[in-house]
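Dumped run.txt below, it's compact mmCIF, C-alpha atoms:
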# COMPACT_ATOMS: atom_id res chain seq x y z
CA MET B 1 44.65 143.63 144.37
CA ARG B 2 46.61 146.25 142.49
CA PRO B 3 46.48 150.01 141.82
CA THR B 4 43.49 152.21 141.37
CA LEU B 5 41.18 152.85 138.43
CA ARG B 6 42.00 155.62 136.02
CA THR B 7 39.64 157.04 133.46
CA ALA B 8 41.99 157.40 130.53
CA ALA B 9 42.44 154.36 128.31
CA MET B 10 45.48 153.88 126.13
CA ALA B 11 45.07 153.20 122.44
CA ALA B 12 44.45 149.49 122.19
CA GLY B 13 46.00 149.05 118.80
CA ALA B 14 49.40 150.22 119.99
CA LEU B 15 49.63 147.41 122.50
CA CYS B 16 47.74 144.72 120.67
CA ILE B 17 49.54 141.42 120.57
CA ALA B 18 48.24 138.80 118.18
CA LEU B 19 49.33 135.26 118.73
CA SER B 20 48.32 134.22 115.26
CA ALA B 21 49.10 135.03 111.67
CA SER B 22 46.31 137.60 111.60
CA ALA B 23 47.01 141.28 112.21
CA CYS B 24 45.93 143.24 115.27
CA GLY B 25 43.16 144.80 113.26
CA GLY B 26 41.32 141.50 113.43
CA ALA B 27 40.37 142.25 117.04
CA GLY B 28 37.81 144.72 115.82
CA GLY B 29 36.26 142.48 113.20
CA SER B 30 32.72 141.11 113.20
CA SER B 31 33.39 137.88 111.35
CA ALA B 32 30.85 135.17 112.06
CA SER B 33 33.64 132.60 112.04
CA ASP B 34 34.15 130.70 115.26
CA LYS B 35 37.76 130.07 114.35
CA GLU B 36 38.98 133.19 116.12
CA VAL B 37 38.46 134.91 119.45
CA ASN B 38 39.36 138.45 120.49
CA VAL B 39 40.62 138.83 124.03
CA LEU B 40 41.10 142.08 125.98
CA MET B 41 43.22 141.54 129.09
CA VAL B 42 45.49 142.98 131.75
CA ASN B 43 49.26 142.73 131.25
CA ASN B 44 50.04 140.85 134.49
CA PRO B 45 52.85 138.23 134.43
CA GLN B 46 50.43 135.31 134.41
CA MET B 47 48.76 136.73 131.29
CA VAL B 48 52.13 137.17 129.61
CA ASP B 49 52.74 133.45 130.15
CA LEU B 50 49.33 132.75 128.62
CA GLN B 51 50.28 134.66 125.50
CA LYS B 52 53.47 132.65 125.13
CA LEU B 53 51.63 129.35 125.31
CA THR B 54 48.47 130.03 123.32
CA ALA B 55 49.55 129.70 119.69
CA ASP B 56 51.52 126.46 120.10
CA ASN B 57 48.87 124.83 122.25
CA PHE B 58 45.31 126.16 122.16
CA THR B 59 45.40 127.35 118.54
CA LYS B 60 47.27 124.26 117.38
CA GLN B 61 44.75 121.99 119.10
CA THR B 62 41.55 123.81 118.12
CA GLY B 63 42.39 125.86 115.04
CA ILE B 64 41.02 128.94 116.83
CA LYS B 65 43.22 132.02 116.46
CA VAL B 66 43.50 134.31 119.47
CA ASN B 67 43.93 138.05 119.02
CA PHE B 68 45.09 139.63 122.27
CA THR B 69 44.78 143.30 123.18
CA VAL B 70 46.92 143.83 126.27
CA LEU B 71 46.84 146.92 128.52
CA PRO B 72 48.12 147.94 131.96
CA GLU B 73 45.63 147.36 134.78
CA ASN B 74 44.33 150.89 135.21
CA ASP B 75 43.87 151.30 131.47
CA VAL B 76 42.36 147.91 130.81
CA ARG B 77 39.66 148.54 133.42
CA ALA B 78 38.63 151.72 131.66
CA LYS B 79 38.72 150.02 128.25
CA ILE B 80 36.69 147.04 129.45
CA SER B 81 34.13 149.29 131.11
CA GLN B 82 33.73 151.26 127.89
CA GLU B 83 33.52 148.12 125.75
CA PHE B 84 31.03 146.21 127.87
CA SER B 85 28.78 149.15 128.72
CA SER B 86 28.43 150.01 125.02
CA GLN B 87 28.15 146.33 123.99
CA ALA B 88 30.20 147.15 120.92
CA GLY B 89 31.05 143.51 120.29
CA GLN B 90 34.63 144.36 119.43
CA TYR B 91 35.97 141.87 121.97
CA ASP B 92 34.70 138.44 122.89
CA VAL B 93 36.50 137.77 126.17
CA ALA B 94 37.93 140.15 128.76
CA SER B 95 39.83 139.79 132.02
CA ILE B 96 37.35 141.07 134.58
CA SER B 97 37.25 140.53 138.33
CA ASN B 98 34.77 139.69 141.06
CA TYR B 99 34.41 143.44 141.56
CA GLU B 100 32.76 143.90 138.15
CA VAL B 101 30.73 140.68 137.90
CA PRO B 102 27.75 141.69 140.11
CA PHE B 103 26.85 144.86 138.23
CA TYR B 104 28.06 143.75 134.80
CA SER B 105 25.76 140.73 135.02
CA LYS B 106 22.89 142.80 136.40
CA ASN B 107 23.23 145.19 133.45
CA GLY B 108 23.13 142.31 130.96
CA TRP B 109 26.68 142.87 129.70
CA LEU B 110 27.91 139.29 130.23
CA SER B 111 26.93 135.93 128.78
CA PRO B 112 26.27 133.26 131.42
CA LEU B 113 28.65 130.31 131.31
CA ASP B 114 26.50 127.67 133.01
CA ASP B 115 25.54 125.92 129.78
CA THR B 116 29.00 126.10 128.20
CA VAL B 117 32.13 126.12 130.32
CA ALA B 118 30.66 125.08 133.67
CA LYS B 119 28.80 122.14 132.12
CA ASP B 120 31.94 120.73 130.48
CA ALA B 121 32.88 117.59 132.44
CA GLN B 122 36.53 117.92 131.47
CA PHE B 123 36.62 121.48 132.80
CA ASP B 124 35.31 120.19 136.15
CA GLN B 125 33.55 123.14 137.75
CA SER B 126 33.42 121.28 141.06
CA ASP B 127 37.21 121.53 141.22
CA VAL B 128 37.06 125.35 141.27
CA LEU B 129 37.33 126.72 144.82
CA ALA B 130 33.82 127.43 146.09
CA PRO B 131 34.47 131.05 147.11
CA MET B 132 35.72 131.80 143.58
CA THR B 133 32.63 130.30 141.96
CA LYS B 134 30.38 132.16 144.38
CA SER B 135 32.11 135.50 143.83
CA LEU B 136 31.73 135.18 140.05
CA THR B 137 28.03 134.28 140.22
CA GLY B 138 25.38 136.92 139.61
CA ALA B 139 22.39 137.75 141.78
CA ASP B 140 20.28 135.56 139.47
CA GLY B 141 22.34 132.51 140.43
CA LYS B 142 24.04 132.20 137.03
CA LEU B 143 27.81 131.89 136.61
CA TYR B 144 29.22 134.80 134.60
CA ALA B 145 33.00 134.35 134.74
CA GLU B 146 35.66 131.72 135.33
CA PRO B 147 38.78 132.46 137.39
CA PHE B 148 42.22 132.59 135.79
CA TYR B 149 43.90 133.03 139.16
CA GLY B 150 42.79 134.10 142.60
CA GLU B 151 44.09 135.58 145.82
CA SER B 152 43.17 136.37 149.39
CA SER B 153 45.19 138.13 152.09
CA PHE B 154 47.32 136.97 154.99
CA LEU B 155 49.99 138.13 157.42
CA MET B 156 53.63 137.59 156.45
CA TYR B 157 56.41 137.79 159.05
CA ARG B 158 60.14 137.19 159.49
CA LYS B 159 60.47 133.92 161.39
CA ASP B 160 64.17 134.46 162.06
CA VAL B 161 63.60 137.93 163.51
CA PHE B 162 60.78 136.70 165.73
CA SER B 163 62.91 133.80 166.95
CA ALA B 164 65.83 136.09 167.78
CA LYS B 165 63.52 138.40 169.74
CA GLY B 166 61.70 135.55 171.48
CA LEU B 167 58.39 136.47 169.82
CA THR B 168 55.66 133.98 168.94
CA MET B 169 53.20 134.51 166.09
CA PRO B 170 49.79 132.86 166.59
CA ASP B 171 48.35 130.92 163.63
CA HIS B 172 45.22 133.07 163.88
CA PRO B 173 46.30 136.40 165.36
CA THR B 174 44.06 139.24 166.48
CA TRP B 175 44.84 142.76 165.36
CA GLN B 176 45.73 143.71 168.92
CA GLN B 177 48.27 140.87 169.04
CA VAL B 178 49.72 142.10 165.75
CA ALA B 179 50.01 145.64 167.11
CA ASP B 180 51.78 144.35 170.23
CA LEU B 181 54.18 142.26 168.11
CA ALA B 182 54.86 145.20 165.80
CA ALA B 183 55.91 147.29 168.78
CA LYS B 184 58.30 144.58 169.97
CA ALA B 185 59.73 143.87 166.51
CA ASP B 186 60.28 147.56 165.77
CA GLY B 187 64.05 148.07 165.69
CA ALA B 188 64.81 144.34 165.90
CA GLU B 189 67.43 144.96 163.21
CA PRO B 190 69.00 148.30 162.23
CA GLY B 191 66.42 150.38 160.38
CA MET B 192 63.71 147.71 160.66
CA LYS B 193 60.12 148.75 161.42
CA GLY B 194 57.54 146.47 162.96
CA ILE B 195 55.05 146.22 160.10
CA CYS B 196 54.18 147.43 156.60
CA LEU B 197 50.61 148.48 155.80
CA ARG B 198 49.58 150.26 152.63
CA GLY B 199 48.99 153.99 153.00
CA GLN B 200 48.97 155.03 149.36
CA PRO B 201 45.70 156.55 148.10
CA GLY B 202 43.50 154.34 145.95
CA TRP B 203 40.51 152.03 146.32
CA GLY B 204 42.86 149.19 145.42
CA GLN B 205 45.71 150.50 147.58
CA VAL B 206 45.19 151.64 151.19
CA LEU B 207 41.50 150.71 151.18
CA ALA B 208 42.10 147.08 150.22
CA PRO B 209 43.72 146.05 153.52
CA MET B 210 42.05 148.75 155.58
CA THR B 211 38.51 147.77 154.60
CA THR B 212 39.18 144.24 155.86
CA VAL B 213 40.14 145.83 159.19
CA VAL B 214 36.90 147.81 159.14
CA ASN B 215 34.92 144.62 158.52
CA THR B 216 36.44 142.67 161.38
CA PHE B 217 36.15 145.64 163.78
CA GLY B 218 32.39 145.61 163.14
CA GLY B 219 32.18 148.39 160.57
CA THR B 220 30.78 148.62 157.04
CA TRP B 221 30.58 151.16 154.22
CA PHE B 222 26.79 150.89 154.02
CA ASP B 223 24.15 149.17 156.12
CA LYS B 224 21.52 146.96 154.48
CA ASP B 225 19.23 149.96 153.89
CA TRP B 226 21.91 151.98 152.07
CA ASN B 227 22.74 154.29 154.94
CA ALA B 228 26.40 155.35 154.76
CA GLN B 229 28.42 154.27 157.80
CA VAL B 230 31.82 155.80 157.04
CA ASN B 231 31.89 157.95 160.19
CA ALA B 232 30.06 155.44 162.39
CA PRO B 233 31.90 154.39 165.58
CA ALA B 234 33.15 151.01 164.31
CA PHE B 235 34.52 152.48 161.07
CA ILE B 236 36.26 155.24 163.02
CA LYS B 237 37.72 152.76 165.53
CA ALA B 238 39.13 150.55 162.77
CA THR B 239 40.59 153.45 160.79
CA GLN B 240 42.09 155.00 163.93
CA PHE B 241 43.67 151.65 164.83
CA TYR B 242 45.12 151.20 161.33
CA THR B 243 46.39 154.78 161.23
CA ASP B 244 47.94 154.62 164.70
CA LEU B 245 49.64 151.30 163.95
CA VAL B 246 51.24 152.40 160.70
CA ARG B 247 52.24 155.79 162.14
CA SER B 248 53.78 154.24 165.26
CA HIS B 249 55.42 151.10 163.92
CA GLY B 250 54.93 151.15 160.16
CA GLU B 251 57.23 151.67 157.21
CA ASN B 252 58.92 154.93 156.34
CA GLY B 253 56.95 156.94 153.80
CA ALA B 254 53.72 155.14 154.65
CA PRO B 255 51.37 157.67 152.96
CA GLN B 256 53.04 156.83 149.61
CA ALA B 257 53.52 153.10 150.22
CA GLY B 258 51.43 150.67 148.20
CA TYR B 259 51.70 146.99 147.32
CA THR B 260 55.03 147.30 145.49
CA GLU B 261 56.67 149.44 148.16
CA CYS B 262 55.68 147.06 150.96
CA LEU B 263 56.85 144.07 148.92
CA ASN B 264 60.23 145.72 148.49
CA ASP B 265 60.41 146.70 152.16
CA LEU B 266 59.86 143.13 153.33
CA GLN B 267 62.33 141.73 150.82
CA GLN B 268 64.97 144.27 151.79
CA GLY B 269 64.67 143.68 155.55
CA LYS B 270 63.10 147.06 156.28
CA VAL B 271 60.01 145.60 158.01
CA ALA B 272 59.35 142.54 160.16
CA MET B 273 55.72 141.96 159.08
CA TRP B 274 53.38 142.74 156.22
CA TYR B 275 49.63 142.21 155.88
CA ASP B 276 48.64 141.99 152.21
CA SER B 277 47.85 139.77 149.20
CA THR B 278 48.62 136.06 149.20
CA ALA B 279 49.93 136.59 145.65
CA ALA B 280 52.99 138.32 147.10
CA ALA B 281 54.37 135.06 148.50
CA GLY B 282 55.50 133.82 145.11
CA SER B 283 57.85 136.79 144.73
CA LEU B 284 59.05 136.64 148.32
CA GLU B 285 59.95 132.95 148.04
CA ALA B 286 61.35 133.13 144.52
CA GLN B 287 64.89 132.12 143.77
CA GLY B 288 67.18 135.03 144.56
CA SER B 289 64.83 136.71 147.05
CA PRO B 290 66.81 137.82 150.15
CA VAL B 291 64.03 136.56 152.45
CA ALA B 292 63.24 133.24 150.75
CA GLY B 293 62.88 130.60 153.44
CA LYS B 294 62.83 133.16 156.24
CA LEU B 295 59.12 133.95 156.23
CA GLY B 296 56.08 132.60 157.98
CA TYR B 297 52.49 133.00 156.77
CA VAL B 298 49.43 133.10 159.02
CA ALA B 299 45.76 133.99 158.69
CA ALA B 300 44.60 137.56 158.24
CA PRO B 301 44.26 139.20 161.67
CA VAL B 302 40.79 139.52 163.19
CA ASP B 303 38.87 141.35 165.89
CA GLN B 304 35.16 140.47 165.96
CA THR B 305 34.97 138.06 163.01
CA LYS B 306 36.36 134.54 162.58
CA SER B 307 38.25 135.48 159.40
CA SER B 308 39.03 138.70 157.55
CA GLY B 309 40.98 137.85 154.40
CA TRP B 310 39.84 139.45 151.17
CA LEU B 311 38.92 137.69 147.94
CA TYR B 312 39.98 138.74 144.45
CA SER B 313 40.19 137.03 141.12
CA TRP B 314 41.23 137.93 137.62
CA ALA B 315 38.67 136.01 135.63
CA TRP B 316 37.39 135.55 132.08
CA GLY B 317 34.02 137.00 131.10
CA VAL B 318 32.28 136.83 127.71
CA GLU B 319 30.72 139.98 126.31
CA LYS B 320 27.01 139.49 125.64
CA ALA B 321 27.40 141.12 122.21
CA SER B 322 30.19 138.76 121.15
CA LYS B 323 29.69 137.15 117.76
CA HIS B 324 32.07 134.31 118.67
CA GLN B 325 30.37 132.82 121.71
CA ASP B 326 31.43 129.23 121.05
CA ALA B 327 35.06 130.13 120.41
CA ALA B 328 35.06 132.32 123.52
CA ALA B 329 33.75 129.45 125.64
CA ARG B 330 36.41 127.09 124.29
CA PHE B 331 39.15 129.60 125.06
CA ILE B 332 37.95 129.94 128.66
CA GLU B 333 37.69 126.18 129.06
CA TRP B 334 41.36 125.97 128.12
CA ALA B 335 42.74 129.06 129.88
CA SER B 336 41.02 128.30 133.20
CA GLY B 337 41.27 124.52 132.93
CA LYS B 338 43.36 122.01 134.85
CA GLN B 339 45.26 121.09 131.71
CA TYR B 340 46.50 124.66 131.35
CA GLU B 341 47.97 124.62 134.85
CA GLN B 342 49.75 121.37 134.00
CA LEU B 343 51.11 123.00 130.84
CA VAL B 344 52.48 125.98 132.77
CA GLY B 345 53.98 123.76 135.44
CA THR B 346 55.81 121.50 133.01
CA GLN B 347 56.94 124.17 130.54
CA LEU B 348 57.50 127.26 132.70
CA GLY B 349 57.81 125.95 136.25
CA TRP B 350 55.28 125.20 138.98
CA SER B 351 55.90 128.44 140.83
CA ARG B 352 54.40 130.26 137.82
CA VAL B 353 51.12 128.34 137.80
CA PRO B 354 48.13 130.76 137.98
CA ALA B 355 46.96 129.36 141.30
CA GLY B 356 44.28 130.34 143.79
CA LYS B 357 41.35 128.85 141.90
CA ARG B 358 41.39 125.02 141.91
CA ASN B 359 41.41 122.37 144.63
CA SER B 360 43.52 120.10 142.44
CA THR B 361 46.31 122.71 142.34
CA TYR B 362 46.74 122.47 146.09
CA GLN B 363 46.72 118.67 145.94
CA ASN B 364 49.41 118.59 143.25
CA ALA B 365 52.72 117.33 144.69
CA ASP B 366 54.80 119.36 142.22
CA TYR B 367 53.00 122.57 143.15
CA GLN B 368 53.16 121.79 146.85
CA LYS B 369 56.93 121.41 146.60
CA ALA B 370 57.39 124.68 144.70
CA ALA B 371 55.06 126.61 147.02
CA ALA B 372 55.72 124.70 150.25
CA ALA B 373 55.99 127.80 152.43
CA PHE B 374 52.69 129.40 151.50
CA TYR B 375 50.33 127.16 149.50
CA LYS B 376 48.34 125.90 152.51
CA PRO B 377 47.84 129.32 154.16
CA THR B 378 46.79 130.67 150.76
CA GLU B 379 44.27 127.89 150.19
CA ASP B 380 42.88 128.32 153.70
CA ALA B 381 42.58 132.09 153.26
CA ILE B 382 40.64 131.78 150.01
CA ASN B 383 38.33 129.10 151.36
CA SER B 384 37.51 131.12 154.48
CA ALA B 385 36.62 134.30 152.56
CA ASP B 386 32.92 135.15 152.33
CA PRO B 387 32.16 138.16 150.08
CA ALA B 388 28.45 138.07 150.96
CA ASN B 389 29.05 138.21 154.73
CA PRO B 390 32.48 139.69 155.47
CA GLY B 391 31.47 141.51 158.65
CA VAL B 392 29.01 141.38 161.51
CA GLN B 393 25.94 142.84 159.79
CA PRO B 394 23.96 142.40 156.51
CA ARG B 395 25.29 144.32 153.50
CA PRO B 396 23.39 145.76 150.51
CA ALA B 397 26.08 144.60 148.04
CA PRO B 398 28.77 141.89 148.10
CA GLY B 399 32.48 142.48 148.51
CA ILE B 400 35.17 142.23 151.19
CA GLN B 401 37.85 144.80 150.37
CA PHE B 402 35.44 146.71 148.12
CA VAL B 403 31.72 147.26 147.64
CA ALA B 404 30.59 145.69 144.37
CA ILE B 405 28.88 148.75 142.88
CA PRO B 406 30.23 150.74 139.94
CA GLU B 407 30.44 153.94 142.00
CA PHE B 408 32.88 152.45 144.50
CA ALA B 409 35.95 152.93 142.30
CA ASP B 410 35.49 156.70 142.41
CA LEU B 411 34.10 156.84 145.96
CA GLY B 412 36.85 154.65 147.35
CA THR B 413 39.57 156.64 145.63
CA GLN B 414 38.27 159.92 147.06
CA VAL B 415 37.89 158.55 150.59
CA SER B 416 41.31 156.90 150.40
CA GLN B 417 42.88 160.27 149.69
CA GLU B 418 41.44 161.60 152.93
CA ILE B 419 42.63 158.57 154.90
CA SER B 420 46.11 158.79 153.40
CA SER B 421 46.15 162.42 154.47
CA ALA B 422 45.32 161.32 158.03
CA ILE B 423 48.15 158.78 157.94
CA ALA B 424 50.44 161.63 156.89
CA GLY B 425 49.27 163.60 159.93
CA GLN B 426 47.66 166.34 157.85
CA GLN B 427 44.22 165.88 159.42
CA SER B 428 42.52 163.71 162.03
CA VAL B 429 40.84 160.41 161.28
CA GLN B 430 37.53 161.96 162.36
CA GLN B 431 37.95 164.80 159.86
CA ALA B 432 38.86 162.37 157.08
CA LEU B 433 35.87 160.13 157.71
CA ASP B 434 33.41 162.99 158.10
CA LYS B 435 34.33 163.99 154.56
CA GLY B 436 34.07 160.38 153.48
CA GLN B 437 30.61 160.07 155.02
CA SER B 438 29.31 162.91 152.90
CA LEU B 439 30.70 161.31 149.74
CA ALA B 440 29.36 157.87 150.63
CA GLN B 441 25.88 159.14 151.44
CA LYS B 442 25.58 160.75 148.00
CA VAL B 443 26.21 157.31 146.48
CA ALA B 444 23.85 155.64 148.94
CA ASP B 445 21.02 158.05 148.13
CA LYS B 446 21.05 156.87 144.50
CA TYR B 447 20.38 153.32 145.61
CA LYS B 448 17.73 154.31 148.12
CA LYS B 449 15.73 155.73 145.23
Spell out the structure here as structure tokens.
Amino acid sequence: MRPTLRTAAMAAGALCIALSASACGGAGGSSASDKEVNVLMVNNPQMVDLQKLTADNFTKQTGIKVNFTVLPENDVRAKISQEFSSQAGQYDVASISNYEVPFYSKNGWLSPLDDTVAKDAQFDQSDVLAPMTKSLTGADGKLYAEPFYGESSFLMYRKDVFSAKGLTMPDHPTWQQVADLAAKADGAEPGMKGICLRGQPGWGQVLAPMTTVVNTFGGTWFDKDWNAQVNAPAFIKATQFYTDLVRSHGENGAPQAGYTECLNDLQQGKVAMWYDSTAAAGSLEAQGSPVAGKLGYVAAPVDQTKSSGWLYSWAWGVEKASKHQDAAARFIEWASGKQYEQLVGTQLGWSRVPAGKRNSTYQNADYQKAAAAFYKPTEDAINSADPANPGVQPRPAPGIQFVAIPEFADLGTQVSQEISSAIAGQQSVQQALDKGQSLAQKVADKYKK
């Protein structure tokens, strides 16, 4: 999961990329023709690959032109929110996530895919990893999005450093074991710290890994009756543990360290461990990476729960107001289908396959070879994730590293700023969470009514 939501959206036309002979202006058209589809999506590397392959494959096979509007993550979220909430019908398909699906579907902003994509035998819905299907299903039991790629979280560590220090990493470590190992690995090499944990403000930065710690320590943002629990004992214990660990044995500059900074720190030998997204493994094991072949991957650490890895997916959703429903469904069938993964593997390389969504990917010998170090831990992490029951008590809304309500983006960002301040030593954890409790209860009171 990547950086936080911003409110400002960039002008779509400036970054519109059309993979057809039509101009970018076509993305705003209302033509009844089902020979084109307008897609609004994030500019992640996997999507860039999709753009490269669409015209010569999907369009050539179907005759359907695809007009892409591509924006950075923070901006695309704002643009998609604006588009879907207004039901302007300007775009047919958008890259949404399992964070948006619950309330987008509840608000009637998405078209269900049960009778189109999911029913297609060639698409093979049963091949999609069950947690992904579940996380993209609305409260009414209908499927509202199909995954393009997915991720969970796990613990990454330097096998060579651990071996040299005589340290053993359990396959399923507890957080206390991780803290003990971090203390022993601290200083194992000149300038090396024991662990990297995000400290940068943002609901998709520090709160992504930290909320999984809260869950497994027995905490929750809200109880089932919408009472805020941000300064409850379990939430405080988890946050204090996380803060103490990163302050004692974590990376330099922790309050400003996010996903990218921790990725760089592990690659550059500045830390011995990192708990974060399974998607990071592809970069760490890529050709030319200084730590390729030196890393081990184990399950997300736990305390009171059996598992604690998060679940996230960039997925395709169809706007309810779309005038090109059939073309949109055909695009999703292709972009999230098994044949597309085969296309990427053969033309671009198996390490670039948008994985994390299909059983068949993890059974593919070519993919297994390219992702030998991490494919099985990734698959296990995704399959063990349960967004409906990530902790020890009932929740009023789904989500593991977030709460699937529209207010969480703003709430989480504000609370994360307080927690980052505590990591920086500018206030106590208690002070940070007391402020967070007040913010969370204001959100909870809306739902109580």
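When all atoms listed in the file are used to compute distances to Pro102 in chain B, the closest of the residues B:Pro387, B:Gly204, B:Pro394, B:Gly436 turns out to be B:Pro387.
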> Skipping near chain neighbours, those fewer than 4 positions away, what residues fall within 12 Å of Gln363 in chain B using only C-alpha atoms, listed as a PyMOL selection string?
Replying inline: chain B and resi 127+355+358-359+367-369+371-372+375-376+379
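Nearest residue to Asp276 in chain B, choosing from B:Ala234, B:Val353, B:Ile195, B:Ala315 and counting only C-alpha atoms: B:Ile195.
Note that CA of Glu319 in chain B and CA of Ser336 in chain B are 17.0 Å apart.
The spacing separating CA of Leu433 in chain B from CA of Met210 in chain B amounts to 13.1 Å.
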> If I put a ball of radius 6 Å at (55.9, 130.2, 133.5) in the file's coordinates, which residues poke into it when counting all atoms listed in the file, written as an NGL selection string?
Replying inline: :B and (49 or 344 or 348-349 or 352)
> Counting only C-alpha atoms, which of B:Lys446, B:Lys357, B:Arg198, B:Lys270 gets nearest to Glu146 in chain B?
Replying inline: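 That would be B:Lys357, the residue with the smallest distance to Glu146 in chain B.
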> Just how far from CA of Phe217 in chain B is CA of Gln304 in chain B, in Å to one decimal?
Replying inline: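 Value for the CA of Gln304 in chain B-CA of Phe217 in chain B distance: 5.7 Å.
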For Thr413 in chain B, find every residue with an atom within 12 Å (counting all atoms listed in the file), except residues of its own chain fewer than 6 positions away, and show them as a PDB file with C-alpha atoms, in the frame of the given file.
ATOM      1  CA  PRO B   3      46.480 150.010 141.820  1.00  0.00           C
ATOM      2  CA  THR B   4      43.490 152.210 141.370  1.00  0.00           C
ATOM      3  CA  LEU B   5      41.180 152.850 138.430  1.00  0.00           C
ATOM      4  CA  ARG B   6      42.000 155.620 136.020  1.00  0.00           C
ATOM      5  CA  GLN B 200      48.970 155.030 149.360  1.00  0.00           C
ATOM      6  CA  PRO B 201      45.700 156.550 148.100  1.00  0.00           C
ATOM      7  CA  GLY B 202      43.500 154.340 145.950  1.00  0.00           C
ATOM      8  CA  TRP B 203      40.510 152.030 146.320  1.00  0.00           C
ATOM      9  CA  GLY B 204      42.860 149.190 145.420  1.00  0.00           C
ATOM     10  CA  GLN B 205      45.710 150.500 147.580  1.00  0.00           C
ATOM     11  CA  VAL B 206      45.190 151.640 151.190  1.00  0.00           C
ATOM     12  CA  LEU B 207      41.500 150.710 151.180  1.00  0.00           C
ATOM     13  CA  ALA B 208      42.100 147.080 150.220  1.00  0.00           C
ATOM     14  CA  PHE B 402      35.440 146.710 148.120  1.00  0.00           C
ATOM     15  CA  GLU B 407      30.440 153.940 142.000  1.00  0.00           C
ATOM     16  CA  ILE B 419      42.630 158.570 154.900  1.00  0.00           C
ATOM     17  CA  SER B 420      46.110 158.790 153.400  1.00  0.00           C
ATOM     18  CA  GLY B 436      34.070 160.380 153.480  1.00  0.00           C
ATOM     19  CA  LEU B 439      30.700 161.310 149.740  1.00  0.00           C
ATOM     20  CA  ALA B 440      29.360 157.870 150.630  1.00  0.00           C
TER      21      ALA B 440
END
> Hey, which of B:Asp244, B:Asp56, B:Asp445, B:Asp92 ends up closest to Ser428 in chain B? Count only C-alpha atoms.
Replying inline: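 When distances to Ser428 in chain B are compared using only C-alpha atoms, the smallest one comes from B:Asp244.
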Sorted per-residue table, range 284-375 of chain B near range 108-114 of chain B, closest atoms and distance, 9 Å, only C-alpha atoms, as a tab-separated table:
residue	atom	partner	partner_atom	distance
B:Gly317	CA	B:Leu110	CA	6.6
B:Val318	CA	B:Ser111	CA	5.5
B:Glu319	CA	B:Leu110	CA	4.9
B:Lys320	CA	B:Leu110	CA	4.7
B:Ala321	CA	B:Trp109	CA	7.7
B:Ser322	CA	B:Ser111	CA	8.8
B:Gln325	CA	B:Ser111	CA	8.5
B:Ala329	CA	B:Leu113	CA	7.7
>> Ranking B:Asn43, B:Thr116, B:Thr305, B:Asn38 by minimum distance to Thr216 in chain B and counting all atoms listed in the file, which one comes first?
In response: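 Once distances to Thr216 in chain B are computed over all atoms listed in the file, the minimum belongs to B:Thr305.
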>> When you count only C-alpha atoms, which of these residues is closest to Gly269 in chain B: B:Lys184, B:Lys193, B:Lys134, B:Arg395?
In response: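 For Gly269 in chain B, the nearest of the given residues is B:Lys193.
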Expected axis-aligned box over every listed atom of range 112-116 of chain B, 4 Å added per side, centre plus edges in Å to one decimal, as lines of an AutoDock Vina configuration file:
center_x = 27.3
center_y = 129.6
center_z = 130.6
size_x = 11.5
size_y = 15.3
size_z = 12.8
> What lies within 7 Å of range 166-183 of chain B using all atoms listed in the file, ignoring chain neighbours under 6 positions off, as number ranges by chain?
Replying inline: B: 194-195, 245, 249, 298-299, 301-303
>> When you look at Lys165 in chain B with a cut-off of 9 Å (counting all atoms listed in the file), what residues show up, excluding the ones that are within fewer than 2 positions of it in the same chain? I need them as a list in words.
In response: Asp160, Val161, Phe162, Ser163, Leu167, Lys184, Ala185 and Ala188 of chain B
> Any idea what's packed within 7 Å of Gly199 in chain B, counting all atoms listed in the file, ignoring anything in its chain fewer than 2 positions away? Could you give it as a list in words?
Replying inline: Leu197, Pro201, Val206, Ala254, Pro255, Gln256, Ala257, Gly258, Ser420 and Ile423 of chain B
Could you please take those selected residues and save C-alpha atoms as an mmCIF file, in the frame of the given file?
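The file below, result16.cif, is the result:
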data_model
loop_
_atom_site.group_PDB
_atom_site.id
_atom_site.type_symbol
_atom_site.label_atom_id
_atom_site.label_comp_id
_atom_site.auth_asym_id
_atom_site.auth_seq_id
_atom_site.Cartn_x
_atom_site.Cartn_y
_atom_site.Cartn_z
ATOM 1 C CA LEU B 197 50.610 148.480 155.800
ATOM 2 C CA PRO B 201 45.700 156.550 148.100
ATOM 3 C CA VAL B 206 45.190 151.640 151.190
ATOM 4 C CA ALA B 254 53.720 155.140 154.650
ATOM 5 C CA PRO B 255 51.370 157.670 152.960
ATOM 6 C CA GLN B 256 53.040 156.830 149.610
ATOM 7 C CA ALA B 257 53.520 153.100 150.220
ATOM 8 C CA GLY B 258 51.430 150.670 148.200
ATOM 9 C CA SER B 420 46.110 158.790 153.400
ATOM 10 C CA ILE B 423 48.150 158.780 157.940
#
